[in-house]
Every structure is written in C-alpha cells, then in structure tokens.
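upload.txt (compact mmCIF, C-alpha atoms (C1' of nucleotides))
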# COMPACT_ATOMS: atom_id res chain seq x y z
CA MET A 8 -25.05 -13.74 28.56
CA THR A 9 -25.17 -9.95 28.54
CA VAL A 10 -28.30 -8.71 26.79
CA SER A 11 -27.26 -5.05 26.78
CA ARG A 12 -23.58 -4.35 26.39
CA SER A 13 -21.91 -1.72 28.47
CA THR A 14 -21.17 1.68 26.97
CA ARG A 15 -17.49 0.85 27.17
CA ASP A 16 -17.98 -2.23 25.01
CA LYS A 17 -20.17 -0.35 22.57
CA LEU A 18 -17.37 2.18 22.16
CA LEU A 19 -14.73 -0.47 21.63
CA ASP A 20 -16.82 -2.20 18.97
CA ALA A 21 -17.56 1.12 17.29
CA THR A 22 -13.87 2.00 17.30
CA LEU A 23 -13.04 -1.17 15.36
CA ARG A 24 -15.95 -0.54 13.00
CA VAL A 25 -15.01 3.05 12.19
CA LEU A 26 -11.33 2.16 11.91
CA ALA A 27 -12.08 -0.63 9.43
CA GLU A 28 -14.60 1.33 7.41
CA GLN A 29 -13.15 4.83 7.36
CA GLY A 30 -9.51 4.56 8.37
CA ILE A 31 -7.44 6.14 11.11
CA ALA A 32 -7.73 9.62 9.63
CA LYS A 33 -11.49 9.68 10.09
CA THR A 34 -11.51 7.99 13.48
CA SER A 35 -12.27 10.56 16.17
CA ALA A 36 -14.05 10.68 19.48
CA ARG A 37 -17.05 12.09 17.68
CA THR A 38 -17.26 9.61 14.81
CA VAL A 39 -16.79 6.66 17.14
CA ALA A 40 -19.34 7.92 19.65
CA ALA A 41 -21.82 8.52 16.84
CA SER A 42 -21.29 5.00 15.50
CA ALA A 43 -21.76 3.61 18.99
CA GLY A 44 -24.88 5.71 19.54
CA VAL A 45 -23.53 7.31 22.68
CA ASN A 46 -22.43 10.74 23.78
CA GLN A 47 -19.06 12.03 22.69
CA ALA A 48 -17.95 12.97 26.19
CA LEU A 49 -18.19 9.34 27.27
CA VAL A 50 -15.10 8.54 25.26
CA PHE A 51 -13.10 10.62 27.69
CA TYR A 52 -14.96 9.39 30.74
CA HIS A 53 -14.22 5.74 29.89
CA PHE A 54 -10.79 5.97 28.27
CA GLY A 55 -9.31 9.34 29.17
CA THR A 56 -8.02 10.00 25.66
CA VAL A 57 -8.87 8.91 22.13
CA GLU A 58 -5.45 7.29 21.86
CA GLU A 59 -6.16 5.07 24.86
CA MET A 60 -9.45 4.01 23.33
CA LEU A 61 -7.68 3.05 20.10
CA ALA A 62 -5.12 1.04 22.04
CA ALA A 63 -7.79 -0.81 24.02
CA ALA A 64 -9.76 -1.55 20.85
CA CYS A 65 -6.65 -2.83 19.13
CA GLU A 66 -5.88 -5.40 21.81
CA GLN A 67 -9.47 -6.49 22.14
CA GLY A 68 -9.87 -6.74 18.38
CA ALA A 69 -6.74 -8.81 17.90
CA ARG A 70 -7.79 -11.14 20.72
CA GLN A 71 -11.27 -11.59 19.22
CA ARG A 72 -10.06 -12.33 15.72
CA ILE A 73 -7.42 -14.81 16.81
CA GLU A 74 -9.95 -16.53 19.02
CA ALA A 75 -12.14 -16.91 15.94
CA HIS A 76 -9.39 -18.63 13.98
CA ARG A 77 -7.55 -20.59 16.65
CA GLY A 78 -9.58 -23.74 16.10
CA ALA A 79 -8.86 -23.88 12.39
CA LEU A 80 -5.18 -23.17 12.94
CA SER A 81 -4.71 -25.85 15.55
CA GLU A 82 -6.10 -28.47 13.18
CA VAL A 83 -3.58 -27.71 10.46
CA ALA A 84 -1.56 -30.88 9.85
CA THR A 85 0.32 -30.22 6.62
CA LEU A 86 1.70 -27.27 4.71
CA SER A 87 -1.10 -27.56 2.16
CA ASP A 88 -3.62 -27.50 4.99
CA LEU A 89 -1.98 -24.30 6.09
CA VAL A 90 -2.41 -22.79 2.64
CA ASP A 91 -6.13 -23.63 2.68
CA VAL A 92 -6.61 -22.23 6.15
CA ALA A 93 -4.64 -19.09 5.33
CA ARG A 94 -6.79 -18.52 2.28
CA ARG A 95 -9.95 -18.90 4.34
CA ILE A 96 -8.69 -16.57 7.05
CA HIS A 97 -7.79 -14.05 4.38
CA GLU A 98 -11.30 -14.15 2.91
CA GLU A 99 -12.91 -13.61 6.30
CA GLU A 100 -10.53 -10.90 7.40
CA ARG A 101 -10.82 -9.09 4.11
CA ALA A 102 -14.58 -8.98 4.51
CA ALA A 103 -14.35 -7.76 8.09
CA GLY A 104 -11.44 -5.47 7.38
CA TYR A 105 -9.79 -6.39 10.63
CA VAL A 106 -6.30 -6.95 9.31
CA ALA A 107 -6.36 -3.78 7.26
CA LEU A 108 -7.37 -2.20 10.56
CA LEU A 109 -4.06 -3.32 12.01
CA GLY A 110 -2.47 -1.50 9.10
CA GLN A 111 -4.41 1.62 10.01
CA LEU A 112 -3.12 1.42 13.56
CA LEU A 113 0.41 0.70 12.40
CA ALA A 114 0.21 3.87 10.34
CA GLY A 115 -1.36 5.85 13.17
CA ALA A 116 1.39 4.69 15.51
CA ALA A 117 3.80 6.99 13.66
CA SER A 118 2.26 9.97 15.41
CA HIS A 119 1.02 8.31 18.62
CA PRO A 120 3.70 6.47 20.62
CA ALA A 121 1.19 4.86 22.98
CA LEU A 122 -0.54 3.40 19.95
CA ALA A 123 2.71 1.87 18.76
CA ALA A 124 2.98 -0.22 21.91
CA ALA A 125 -0.61 -1.43 21.66
CA THR A 126 -0.30 -2.28 17.97
CA ALA A 127 2.94 -4.11 18.54
CA SER A 128 1.35 -6.23 21.26
CA GLY A 129 -1.73 -6.83 19.10
CA LEU A 130 0.50 -8.04 16.30
CA ARG A 131 2.41 -10.18 18.79
CA LEU A 132 -0.79 -12.14 19.41
CA TRP A 133 -0.99 -13.01 15.72
CA VAL A 134 2.72 -13.78 15.58
CA ALA A 135 2.46 -16.20 18.49
CA GLU A 136 -0.34 -18.08 16.78
CA VAL A 137 1.46 -18.28 13.45
CA GLU A 138 4.69 -19.27 15.16
CA THR A 139 3.05 -22.22 16.92
CA VAL A 140 1.68 -23.64 13.70
CA LEU A 141 4.82 -22.94 11.71
CA THR A 142 7.12 -24.54 14.25
CA ARG A 143 4.96 -27.62 14.42
CA LEU A 144 4.76 -28.02 10.66
CA LEU A 145 8.34 -27.22 9.78
CA ALA A 146 9.73 -29.63 12.33
CA ALA A 147 8.46 -32.48 10.16
CA THR A 148 10.06 -31.30 6.91
CA VAL A 149 13.48 -30.96 5.31
CA LEU A 150 13.30 -27.27 6.08
CA GLY A 151 12.86 -27.77 9.82
CA ASP A 152 16.41 -27.08 10.85
CA LEU A 153 17.11 -24.59 8.07
CA VAL A 154 14.54 -21.88 8.60
CA ASP A 155 13.98 -19.63 11.59
CA ALA A 156 10.35 -20.28 12.49
CA PRO A 157 9.94 -17.38 14.97
CA GLY A 158 11.41 -14.91 12.52
CA LEU A 159 9.37 -16.34 9.70
CA ALA A 160 6.20 -16.02 11.77
CA ARG A 161 6.92 -12.32 12.19
CA ALA A 162 7.61 -11.93 8.48
CA VAL A 163 4.41 -13.73 7.55
CA SER A 164 2.29 -11.66 9.93
CA ALA A 165 3.71 -8.33 8.78
CA SER A 166 3.38 -9.38 5.15
CA PHE A 167 -0.23 -10.27 5.71
CA VAL A 168 -0.93 -6.79 7.01
CA GLY A 169 0.81 -5.28 4.00
CA LEU A 170 -1.20 -7.44 1.65
CA GLU A 171 -4.50 -6.52 3.29
CA LEU A 172 -3.63 -2.83 3.01
CA TYR A 173 -2.75 -3.44 -0.63
CA GLU A 174 -6.16 -5.04 -1.12
CA GLY A 175 -7.69 -1.70 -0.12
CA VAL A 176 -6.12 0.24 -3.00
CA ASP A 177 -5.71 -2.43 -5.69
CA PRO A 178 -7.89 -5.48 -5.06
CA GLU A 179 -7.01 -7.12 -8.36
CA ALA A 180 -3.27 -6.91 -7.79
CA ALA A 181 -3.67 -8.17 -4.24
CA GLN A 182 -5.62 -11.15 -5.49
CA GLN A 183 -2.85 -11.89 -7.94
CA ALA A 184 -0.36 -11.71 -5.11
CA PHE A 185 -2.34 -14.14 -2.98
CA GLY A 186 -2.65 -16.46 -5.95
CA ALA A 187 1.10 -16.52 -6.46
CA LEU A 188 1.66 -17.23 -2.78
CA ASP A 189 -0.85 -20.06 -2.88
CA ARG A 190 1.02 -21.58 -5.77
CA LEU A 191 4.40 -21.08 -4.15
CA ALA A 192 3.18 -22.69 -0.95
CA ALA A 193 1.95 -25.66 -2.94
CA VAL A 194 5.45 -26.11 -4.37
CA VAL A 195 7.00 -25.91 -0.92
CA ALA A 196 4.39 -28.31 0.42
CA LEU A 197 5.44 -30.76 -2.25
CA LEU A 198 9.06 -30.36 -1.25
CA SER A 199 8.13 -31.53 2.23
CA ASP A 200 6.61 -34.61 0.71
CA LEU A 201 9.62 -36.01 -1.15
CA GLY A 202 10.62 -39.65 -1.02
CA PRO A 203 13.37 -40.68 1.42
CA LEU A 204 16.02 -40.79 -1.29
CA GLU A 205 15.36 -37.31 -2.62
CA THR A 206 15.02 -36.00 0.90
CA ARG A 207 18.45 -37.28 1.84
CA ALA A 208 20.02 -35.84 -1.29
CA LEU A 209 18.37 -32.47 -0.75
CA ARG A 210 19.29 -32.40 2.91
CA ARG A 211 22.92 -33.09 2.06
CA LYS A 212 22.89 -30.22 -0.39
CA LEU A 213 21.10 -27.81 1.92
CA ARG A 214 23.45 -28.60 4.79
CA GLN A 215 25.85 -26.14 3.20
CA VAL A 216 23.81 -23.15 4.21
CA MET B 8 20.81 22.64 -12.77
CA THR B 9 18.24 24.46 -10.66
CA VAL B 10 19.91 26.38 -7.86
CA SER B 11 16.67 27.37 -6.17
CA ARG B 12 13.85 24.88 -6.37
CA SER B 13 10.35 26.01 -7.14
CA THR B 14 7.81 26.36 -4.38
CA ARG B 15 5.93 23.42 -5.85
CA ASP B 16 8.99 21.19 -5.52
CA LYS B 17 9.68 22.42 -2.01
CA LEU B 18 6.13 21.46 -1.06
CA LEU B 19 6.43 18.00 -2.61
CA ASP B 20 9.69 17.33 -0.78
CA ALA B 21 8.23 18.61 2.46
CA THR B 22 5.18 16.40 2.02
CA LEU B 23 7.36 13.31 1.81
CA ARG B 24 9.41 14.51 4.78
CA VAL B 25 6.42 15.16 7.05
CA LEU B 26 4.71 11.95 5.95
CA ALA B 27 7.81 9.90 6.77
CA GLU B 28 8.56 11.63 10.03
CA GLN B 29 5.12 12.25 11.49
CA GLY B 30 2.69 10.02 9.64
CA ILE B 31 -0.48 10.69 7.68
CA ALA B 32 -2.41 11.83 10.75
CA LYS B 33 -0.10 14.80 11.30
CA THR B 34 0.28 15.69 7.65
CA SER B 35 -1.73 18.83 6.90
CA ALA B 36 -1.43 21.85 4.65
CA ARG B 37 -0.02 23.76 7.60
CA THR B 38 2.59 21.24 8.76
CA VAL B 39 3.80 20.66 5.21
CA ALA B 40 3.97 24.37 4.40
CA ALA B 41 5.85 25.01 7.63
CA SER B 42 8.34 22.26 6.83
CA ALA B 43 8.79 23.68 3.34
CA GLY B 44 9.19 27.20 4.72
CA VAL B 45 6.41 28.60 2.60
CA ASN B 46 2.96 30.03 3.16
CA GLN B 47 0.08 27.68 3.89
CA ALA B 48 -2.17 29.12 1.21
CA LEU B 49 0.31 28.07 -1.47
CA VAL B 50 -0.64 24.46 -0.96
CA PHE B 51 -4.04 25.27 -2.39
CA TYR B 52 -2.69 27.53 -5.08
CA HIS B 53 -0.37 24.82 -6.40
CA PHE B 54 -2.37 21.65 -5.77
CA GLY B 55 -5.97 22.66 -5.17
CA THR B 56 -6.43 20.29 -2.24
CA VAL B 57 -4.23 18.57 0.33
CA GLU B 58 -5.25 15.23 -1.10
CA GLU B 59 -3.93 16.17 -4.54
CA MET B 60 -0.66 17.24 -3.00
CA LEU B 61 -0.34 13.89 -1.26
CA ALA B 62 -1.07 12.08 -4.50
CA ALA B 63 1.52 14.10 -6.42
CA ALA B 64 4.12 13.55 -3.71
CA CYS B 65 3.43 9.85 -3.70
CA GLU B 66 4.10 9.40 -7.38
CA GLN B 67 7.16 11.63 -7.34
CA GLY B 68 8.52 9.89 -4.26
CA ALA B 69 8.08 6.41 -5.69
CA ARG B 70 9.73 7.48 -8.92
CA GLN B 71 12.71 8.99 -7.08
CA ARG B 72 13.30 6.00 -4.85
CA ILE B 73 13.09 3.48 -7.65
CA GLU B 74 15.44 5.58 -9.73
CA ALA B 75 17.89 5.42 -6.84
CA HIS B 76 17.82 1.62 -6.77
CA ARG B 77 17.37 0.73 -10.42
CA GLY B 78 21.09 0.42 -11.06
CA ALA B 79 21.64 -2.06 -8.24
CA LEU B 80 18.58 -4.09 -9.25
CA SER B 81 19.57 -4.39 -12.88
CA GLU B 82 22.95 -5.83 -11.90
CA VAL B 83 21.43 -8.66 -9.89
CA ALA B 84 22.52 -11.92 -11.49
CA THR B 85 21.62 -14.61 -8.95
CA LEU B 86 19.07 -15.13 -6.21
CA SER B 87 21.72 -14.57 -3.56
CA ASP B 88 22.63 -11.30 -5.24
CA LEU B 89 18.99 -10.38 -4.93
CA VAL B 90 19.03 -11.10 -1.21
CA ASP B 91 22.04 -8.84 -0.74
CA VAL B 92 20.51 -6.05 -2.79
CA ALA B 93 17.17 -6.37 -1.01
CA ARG B 94 18.90 -6.08 2.33
CA ARG B 95 20.74 -2.98 1.21
CA ILE B 96 17.58 -1.39 -0.17
CA HIS B 97 15.83 -2.17 3.08
CA GLU B 98 18.57 -0.46 5.11
CA GLU B 99 18.41 2.67 2.98
CA GLU B 100 14.64 2.84 2.86
CA ARG B 101 14.33 2.24 6.56
CA ALA B 102 16.62 5.18 7.22
CA ALA B 103 14.73 7.42 4.81
CA GLY B 104 11.35 6.08 5.86
CA TYR B 105 10.12 6.10 2.30
CA VAL B 106 8.57 2.65 2.26
CA ALA B 107 6.82 3.17 5.56
CA LEU B 108 5.55 6.34 3.89
CA LEU B 109 3.84 4.17 1.30
CA GLY B 110 2.20 2.41 4.24
CA GLN B 111 1.02 5.77 5.56
CA LEU B 112 -0.57 6.55 2.20
CA LEU B 113 -2.07 3.09 1.93
CA ALA B 114 -3.72 3.73 5.29
CA GLY B 115 -4.79 7.22 4.34
CA ALA B 116 -6.33 5.89 1.15
CA ALA B 117 -9.10 4.33 3.23
CA SER B 118 -10.67 7.76 3.65
CA HIS B 119 -9.44 9.43 0.46
CA PRO B 120 -10.36 7.65 -2.78
CA ALA B 121 -8.13 9.86 -4.92
CA LEU B 122 -5.22 8.88 -2.73
CA ALA B 123 -5.95 5.21 -3.31
CA ALA B 124 -5.40 5.61 -7.03
CA ALA B 125 -2.12 7.48 -6.57
CA THR B 126 -0.84 4.98 -4.03
CA ALA B 127 -1.78 2.06 -6.24
CA SER B 128 0.13 3.55 -9.14
CA GLY B 129 3.09 4.40 -6.92
CA LEU B 130 3.19 0.80 -5.78
CA ARG B 131 2.87 -0.34 -9.36
CA LEU B 132 6.20 1.33 -10.09
CA TRP B 133 7.85 -0.82 -7.42
CA VAL B 134 6.04 -3.91 -8.60
CA ALA B 135 7.22 -3.41 -12.18
CA GLU B 136 10.81 -3.17 -11.01
CA VAL B 137 10.61 -6.24 -8.81
CA GLU B 138 8.80 -8.16 -11.51
CA THR B 139 11.54 -7.51 -14.06
CA VAL B 140 14.25 -8.83 -11.78
CA LEU B 141 12.20 -11.75 -10.54
CA THR B 142 11.22 -12.89 -14.01
CA ARG B 143 14.80 -12.73 -15.21
CA LEU B 144 16.14 -14.68 -12.23
CA LEU B 145 13.45 -17.31 -11.98
CA ALA B 146 13.66 -18.19 -15.67
CA ALA B 147 17.06 -19.71 -15.00
CA THR B 148 15.98 -21.95 -12.11
CA VAL B 149 13.90 -25.04 -11.46
CA LEU B 150 11.18 -22.76 -10.19
CA GLY B 151 10.92 -20.79 -13.41
CA ASP B 152 7.84 -22.49 -14.78
CA LEU B 153 6.29 -23.20 -11.41
CA VAL B 154 5.89 -19.80 -9.85
CA ASP B 155 3.88 -16.81 -11.02
CA ALA B 156 6.49 -14.06 -11.21
CA PRO B 157 4.07 -11.12 -11.70
CA GLY B 158 1.93 -12.24 -8.79
CA LEU B 159 4.98 -12.87 -6.66
CA ALA B 160 6.31 -9.39 -7.45
CA ARG B 161 3.06 -7.93 -6.09
CA ALA B 162 3.25 -10.10 -3.00
CA VAL B 163 6.87 -9.15 -2.35
CA SER B 164 6.16 -5.44 -2.76
CA ALA B 165 3.14 -5.44 -0.46
CA SER B 166 5.00 -7.55 2.09
CA PHE B 167 7.87 -5.10 2.05
CA VAL B 168 5.51 -2.27 2.91
CA GLY B 169 4.02 -4.32 5.73
CA LEU B 170 7.46 -5.10 7.08
CA GLU B 171 8.54 -1.47 7.00
CA LEU B 172 5.40 -0.46 8.89
CA TYR B 173 6.16 -3.23 11.37
CA GLU B 174 9.66 -1.80 11.80
CA GLY B 175 8.01 1.39 13.05
CA VAL B 176 6.31 -0.24 16.03
CA ASP B 177 8.61 -3.18 16.79
CA PRO B 178 12.07 -2.76 15.24
CA GLU B 179 13.49 -5.83 16.93
CA ALA B 180 10.75 -8.14 15.65
CA ALA B 181 11.03 -6.67 12.18
CA GLN B 182 14.76 -7.32 12.18
CA GLN B 183 14.09 -10.90 13.16
CA ALA B 184 11.63 -11.17 10.29
CA PHE B 185 14.14 -9.85 7.79
CA GLY B 186 16.74 -12.23 9.15
CA ALA B 187 14.46 -15.21 8.63
CA LEU B 188 13.70 -14.09 5.08
CA ASP B 189 17.40 -13.70 4.35
CA ARG B 190 17.98 -17.22 5.52
CA LEU B 191 15.01 -18.59 3.60
CA ALA B 192 16.19 -16.87 0.45
CA ALA B 193 19.61 -18.42 0.88
CA VAL B 194 18.01 -21.86 0.98
CA VAL B 195 16.01 -21.13 -2.16
CA ALA B 196 19.13 -19.72 -3.84
CA LEU B 197 20.85 -23.00 -3.13
CA LEU B 198 17.97 -24.89 -4.66
CA SER B 199 18.56 -23.03 -7.88
CA ASP B 200 22.15 -24.18 -7.80
CA LEU B 201 21.64 -27.96 -7.72
CA GLY B 202 23.57 -30.35 -9.92
CA PRO B 203 21.92 -31.57 -13.14
CA LEU B 204 20.94 -34.90 -11.60
CA GLU B 205 19.18 -33.43 -8.58
CA THR B 206 17.61 -30.78 -10.76
CA ARG B 207 16.07 -33.37 -13.01
CA ALA B 208 14.78 -35.40 -10.09
CA LEU B 209 13.30 -32.33 -8.42
CA ARG B 210 11.75 -31.12 -11.63
CA ARG B 211 10.10 -34.47 -12.16
CA LYS B 212 8.65 -34.33 -8.68
CA LEU B 213 7.51 -30.72 -8.94
CA ARG B 214 5.85 -31.32 -12.29
CA GLN B 215 2.94 -32.70 -10.30
CA VAL B 216 1.82 -29.29 -9.16
C1' DG C 28 3.08 33.76 -7.34
C1' DT C 29 2.88 35.03 -2.76
C1' DC C 30 0.92 37.22 1.22
C1' DT C 31 -2.76 38.33 5.11
C1' DA C 32 -7.03 37.59 6.91
C1' DT C 33 -10.77 35.04 7.71
C1' DA C 34 -14.80 31.88 7.11
C1' DA C 35 -16.59 27.47 8.22
C1' DC C 36 -15.68 23.40 10.34
C1' DT C 37 -13.82 19.58 13.15
C1' DA C 38 -10.79 17.95 16.65
C1' DG C 39 -9.70 16.77 21.78
C1' DA C 40 -10.85 17.70 26.17
C1' DT C 41 -13.24 19.60 30.48
C1' DA C 42 -16.84 21.69 33.79
C1' DG C 43 -20.81 21.07 35.82
C1' DA C 44 -25.83 19.80 35.88
C1' DC C 45 -28.47 15.69 36.44
C1' DG D 10 -22.55 7.16 34.37
C1' DT D 11 -24.43 10.22 31.25
C1' DC D 12 -25.76 14.63 29.47
C1' DT D 13 -25.21 19.71 27.65
C1' DA D 14 -22.39 23.37 26.89
C1' DT D 15 -18.21 25.23 26.00
C1' DC D 16 -13.16 26.24 25.42
C1' DT D 17 -9.16 25.86 22.68
C1' DA D 18 -6.67 24.61 18.92
C1' DG D 19 -6.11 22.90 14.55
C1' DT D 20 -8.22 21.86 9.85
C1' DT D 21 -9.39 22.93 4.72
C1' DA D 22 -10.23 26.38 1.78
C1' DT D 23 -11.11 31.06 -0.19
C1' DA D 24 -11.05 36.29 -1.01
C1' DG D 25 -8.51 39.89 -1.96
C1' DA D 26 -4.29 42.93 -1.39
C1' DC D 27 0.30 43.17 -3.30

Write the structure described by the file as structure tokens, please.
Amino acid sequence: MTVSRSTRDKLLDATLRVLAEQGIAKTSARTVAASAGVNQALVFYHFGTVEEMLAAACEQGARQRIEAHRGALSEVATLSDLVDVARRIHEEERAAGYVALLGQLLAGAASHPALAAATASGLRLWVAEVETVLTRLLAATVLGDLVDAPGLARAVSASFVGLELYEGVDPEAAQQAFGALDRLAAVVALLSDLGPLETRALRRKLRQV
Amino acid sequence: MTVSRSTRDKLLDATLRVLAEQGIAKTSARTVAASAGVNQALVFYHFGTVEEMLAAACEQGARQRIEAHRGALSEVATLSDLVDVARRIHEEERAAGYVALLGQLLAGAASHPALAAATASGLRLWVAEVETVLTRLLAATVLGDLVDAPGLARAVSASFVGLELYEGVDPEAAQQAFGALDRLAAVVALLSDLGPLETRALRRKLRQV
DNA sequence: GTCTATAACTAGATAGAC
DNA sequence: GTCTATCTAGTTATAGAC
C-alpha cells in the first residue's frame, strides 16, 4: 500500500530495532533517529518526548507481534498443539528479540512511570491472547475447574518475558529451561487424555483442593 | 564485627539500593556515590568502571539474598511446603526489590557484555538453590522420573524474575498470576499424594511420554 | 584512600530558518 | 515537516592535590 513510510513510522520501527538490539540503556533520541535515517529533532516534533516514543513503539510492537501469531494460536486444539505453537513462537520471537524488548521496557519502566502504563497495556495484549487459548483448552480437561485460567495466562506471559531475558545472558540455560517446560507440558497434556475411569478417579481426588 | 563499613561496601550496598529503587537507567556513578554518601571519583578508584561495580554488586546481592532464604528452603519437605515458602520469599523480595533488580541487570546486560556474565552467574546461584530443593522433592513423587529438575529450576528462576518485573508495572495482574500458580501448585502437590493404586495407574499412563 | 577540578562526551529538548 | 544550531544537564573517566 504505502511505498514510502512516514517519518513517524520509520521512527517507531527504529525504536523497536534499537531496543531489541542494544537495550533500553542505549536507546536515545539520537540512536533511534540515526537508525531511522532521520534527523534527531524529529523525535520531539512527532512524539514530544523520548518516553512517549517508547510508549508508542511498545503498543505498536505488541500489536504487530500478536497479529503475526494470532492465526497459529487460534488453531490450537490440544495442549500438545499449544506446546508446539509456543515453541515456534519462542523461536521466532527469540530471533526478532521482540519479547526481550518487552523485558527492556519493563526494566525501563522503573524510572519512567509513563512507560510503565504502556508496557502494562502491551503485555495485556499478550495476556488476552494467551487467556483465550488457555480457557478454551482447559475447559475440556480435568483441570478446567481447578485452575485459574486468567491468572495463569498472566503468569505464563510474564514468565515468557523472563525466559527471553534469560536467553540474552545464558542461552544454553534458557534452552534447558524451555526443554523442561516442553517435557512438563507433554506430561500435563497426557493427563488431559486419560480414560474415563482414571479421569473420574483423579477428579474425585482433586475435588479436595 | 565491623562497626564502620568500608567505602567499597557502602558503594556495593548503594548500587543495589539505587538499582532496586530507580532502575538501571538511573544508576550511574554519581547517583550511586550520592546514595552511599561518598565521592563520585571513588567509584572508579574501587571498581575501575561503573559496569564492574554493577557486576560486583550483582554477585554480592544474589549471594546475600540466597543466604537469607537458604534455611527456609532446606526445611521444605513437601510440594505444598514449597508453595508456602515460595510465597513468603516472593513477599520479602518484592518488598526489597531484589529480584526485580536482577531483571534490571538482565536488561542492562543487552548493552554491557561484562554485565551479562555477572548476571548469568548471579542467576546461577538462585538456580542451584532451586534445583536442590526441586530434585529432592520430585524424587519422591510420580513426577520424579518424568520431569527434568535442572531445566525446571532454570525455568522457575527465570519466570520468577519475569513475574517480579511484571509486579513493577501491573501489581494487580502479577498478584493474580501468583495466585494462579499457588493454586496450580496445590493441585500438583495433591497429585504427589495419591494412594498407591492411583499412583500405579497414573504411572502406567505417564510411562508413555 | 579520598578529595577537587576538569576533560570529553552524550543526553533531552528547543528556537528559528527553510 | 524537516533542518541546523545550540542550550543545559548529566555521563564516564582521569589528573593531581592532600
């Protein structure tokens, strides 16, 4: 559609790029403008402050990434499907650095209140997506009425960010962590696939909680 | 023992304080020195660079915090004990901001390679602790030979950091997440407490993995 | 070990020409 | 909308007095 993007868009893209590649500490009006190939003063013309630019980039970035994965997520039918999809999303996001970027913003939010709000709402977009899938899947299993899907969606999303940040400093350990989660999810997936007899027995037991 | 701490120690403590309270972006030789009540030039006399000071503070901080919790962790006997202890550790760490601090360093590591190494080794201290407890507990349950305790310890540690960062921008959502995990852990704890008949049936089923 | 002073640089932000 | 120029303030780091 648009052959030449607007300066505003170029700046938003560059913000995400610099944030992912160099971290929040090295993200400034100057570095972003340089990466976008535009003049530094335009940051302030278009966004007023650097903080506002970061906030705008955060929301746009989250929206873009979720859009890219929504299709795959909506087709998830079983817990083992979910594991496969999660692994694929992880691979893509690791390459792009977009989730670690959320970590950068989460960290930056400590000193910039306006950024906290934007990051929280960016994360909320992920949470909503995860929550939809989780609710749908859990409803069909023994665990359906035992776990708190909305809360779990938040836990999973935050954990994912932590794991992607971990990947940045210790890739091997992070891989091991993802491997263990894969395996754990496979066990849980199997639990949801018990025969009717075992299911009833387990349900009786779990009712105590 | 030491009535008046050395300048070096004052700087390390101040580094952790500023990092927890203001984030990596606001942590500089000047802010740390001011918080420690010493001259700014002493940062460079004692540590050479700001980055080295951050690295030293990271390792010392991780060591201190783990020391503070080791007793409670070693007394954990069951999975539900672990849930209680984890909740208590979370409350304390949230108040002190020390885990979120690890998140700050993880984020800062993106632009400072030396910091990445220090953060990774600081996290390794937590991982080792979690791994010990997890291995001990899981050995006694159905899950013992099904899950990868070392990998899981890494996943749990990284997730914890993500959750503490989350707490900084959306405390309510983070609380919800912790609540869901509590509940989930209770379910798993119950699984480890099945009668011999159910245990055998479940084990047979899970053997397929 | 600790201080002052300062060099060299980078940051956010604005004024004003075009 | 975009540019140059500039102001102010904060940054790491060092030299040299004490």

Item to check | d(CA of Ile96 (chain A), CA of Arg77 (chain A)) in Å | outcome: 10.5 Å

May I have a table of the residues of chain D lying at most 9 Å from chain A, giving each one's closest pair of atoms and their distance in Å to one decimal, counting all atoms listed in the file, ordered by chain and ascending residue number, as CSV?
residue,atom,partner,partner_atom,distance
D:DG10,C1',A:Leu49,CA,8.6
D:DT11,C1',A:Leu49,CA,7.5
D:DC12,C1',A:Asn46,CA,7.7

Keeping only C-alpha atoms (C1' of nucleotides), write the selected residues to a file as a compact mmCIF listing (two decimals), in the frame of the given file.
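Result file again.txt:
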# COMPACT_ATOMS: atom_id res chain seq x y z
C1' DG D 10 -22.55 7.16 34.37
C1' DT D 11 -24.43 10.22 31.25
C1' DC D 12 -25.76 14.63 29.47

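Proximity to region 132-149 of chain B at 6 Å, evaluated using all atoms listed in the file and with sequence-adjacent residues fewer than 2 positions away removed, yields Gly129, Leu130, Gly151, Ala156, Pro157, Ala160, Arg161 and Ser199 of chain B.
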
Identify, on the basis of all atoms listed in the file, every residue whose closest approach to region 38-45 of chain C does not exceed 10 Å; exclude the query and any residue fewer than 4 positions from it along the same chain; express the result as a PDB file with C-alpha atoms (C1' of nucleotides), in the frame of the given file.
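The file below, result26.pdb, is the result:
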ATOM      1  CA  SER A  35     -12.270  10.560  16.170  1.00  0.00           C
ATOM      2  CA  ALA A  36     -14.050  10.680  19.480  1.00  0.00           C
ATOM      3  CA  ARG A  37     -17.050  12.090  17.680  1.00  0.00           C
ATOM      4  CA  ALA A  48     -17.950  12.970  26.190  1.00  0.00           C
ATOM      5  CA  PHE A  51     -13.100  10.620  27.690  1.00  0.00           C
ATOM      6  CA  GLY A  55      -9.310   9.340  29.170  1.00  0.00           C
ATOM      7  CA  THR A  56      -8.020  10.000  25.660  1.00  0.00           C
ATOM      8  CA  VAL A  57      -8.870   8.910  22.130  1.00  0.00           C
TER       9      VAL A  57
ATOM     10  C1'  DT D  11     -24.430  10.220  31.250  1.00  0.00           C
ATOM     11  C1'  DC D  12     -25.760  14.630  29.470  1.00  0.00           C
ATOM     12  C1'  DT D  13     -25.210  19.710  27.650  1.00  0.00           C
ATOM     13  C1'  DA D  14     -22.390  23.370  26.890  1.00  0.00           C
ATOM     14  C1'  DT D  15     -18.210  25.230  26.000  1.00  0.00           C
ATOM     15  C1'  DC D  16     -13.160  26.240  25.420  1.00  0.00           C
ATOM     16  C1'  DT D  17      -9.160  25.860  22.680  1.00  0.00           C
ATOM     17  C1'  DA D  18      -6.670  24.610  18.920  1.00  0.00           C
ATOM     18  C1'  DG D  19      -6.110  22.900  14.550  1.00  0.00           C
ATOM     19  C1'  DT D  20      -8.220  21.860   9.850  1.00  0.00           C
TER      20       DT D  20
END

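Between CA of Leu26 (chain A) and CA of Gln29 (chain B) the separation is 19.3 Å.
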
Next on the checklist: Only residues of chain A matter here; which ones have an atom within 8 Å of chain B, counting only C-alpha atoms? Give them as a ChimeraX atom specification.
Outcome noted: /A:28-33,110-111,113-118,123-124,126-127,153-162,165-170,172-173,175-177,180-181,183-188,190-191,193-194,197-198,201,205,208-209,212-213,216

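Counting from CA of Arg211 (chain A), the distance to CA of Ala93 (chain B) is 27.5 Å.
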
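Compared by their closest atoms to Val25 (chain A), and using only C-alpha atoms, the residues A:Thr38, A:Gly44, A:Ala63, A:Glu179 rank with A:Thr38 nearest.
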
Mind dumping a table of every chain C residue within 12 Å of chain B, with the nearest atom pair and its distance in Å to one decimal, using all atoms listed in the file, sorted by chain and rising number, as a Markdown table?
| residue | atom | partner | partner_atom | distance |
| --- | --- | --- | --- | --- |
| C:DG28 | C1' | B:Leu49 | CA | 8.6 |
| C:DT29 | C1' | B:Leu49 | CA | 7.5 |
| C:DC30 | C1' | B:Asn46 | CA | 7.7 |
| C:DT31 | C1' | B:Ala48 | CA | 10.0 |
| C:DA32 | C1' | B:Ala48 | CA | 11.3 |
| C:DA38 | C1' | B:Ala32 | CA | 11.9 |

Can you build me a table of chain C residues sitting at most 12 Å from region 21-24 of chain D, with the closest atom pair per residue and its distance in Å to one decimal, using all atoms listed in the file, sorted by chain and residue number, as CSV?
residue,atom,partner,partner_atom,distance
C:DT31,C1',D:DA24,C1',10.5
C:DA32,C1',D:DA24,C1',9.0
C:DT33,C1',D:DA24,C1',8.8
C:DA34,C1',D:DT23,C1',8.2
C:DA35,C1',D:DA22,C1',9.1
C:DC36,C1',D:DT21,C1',8.4
C:DT37,C1',D:DT21,C1',10.1
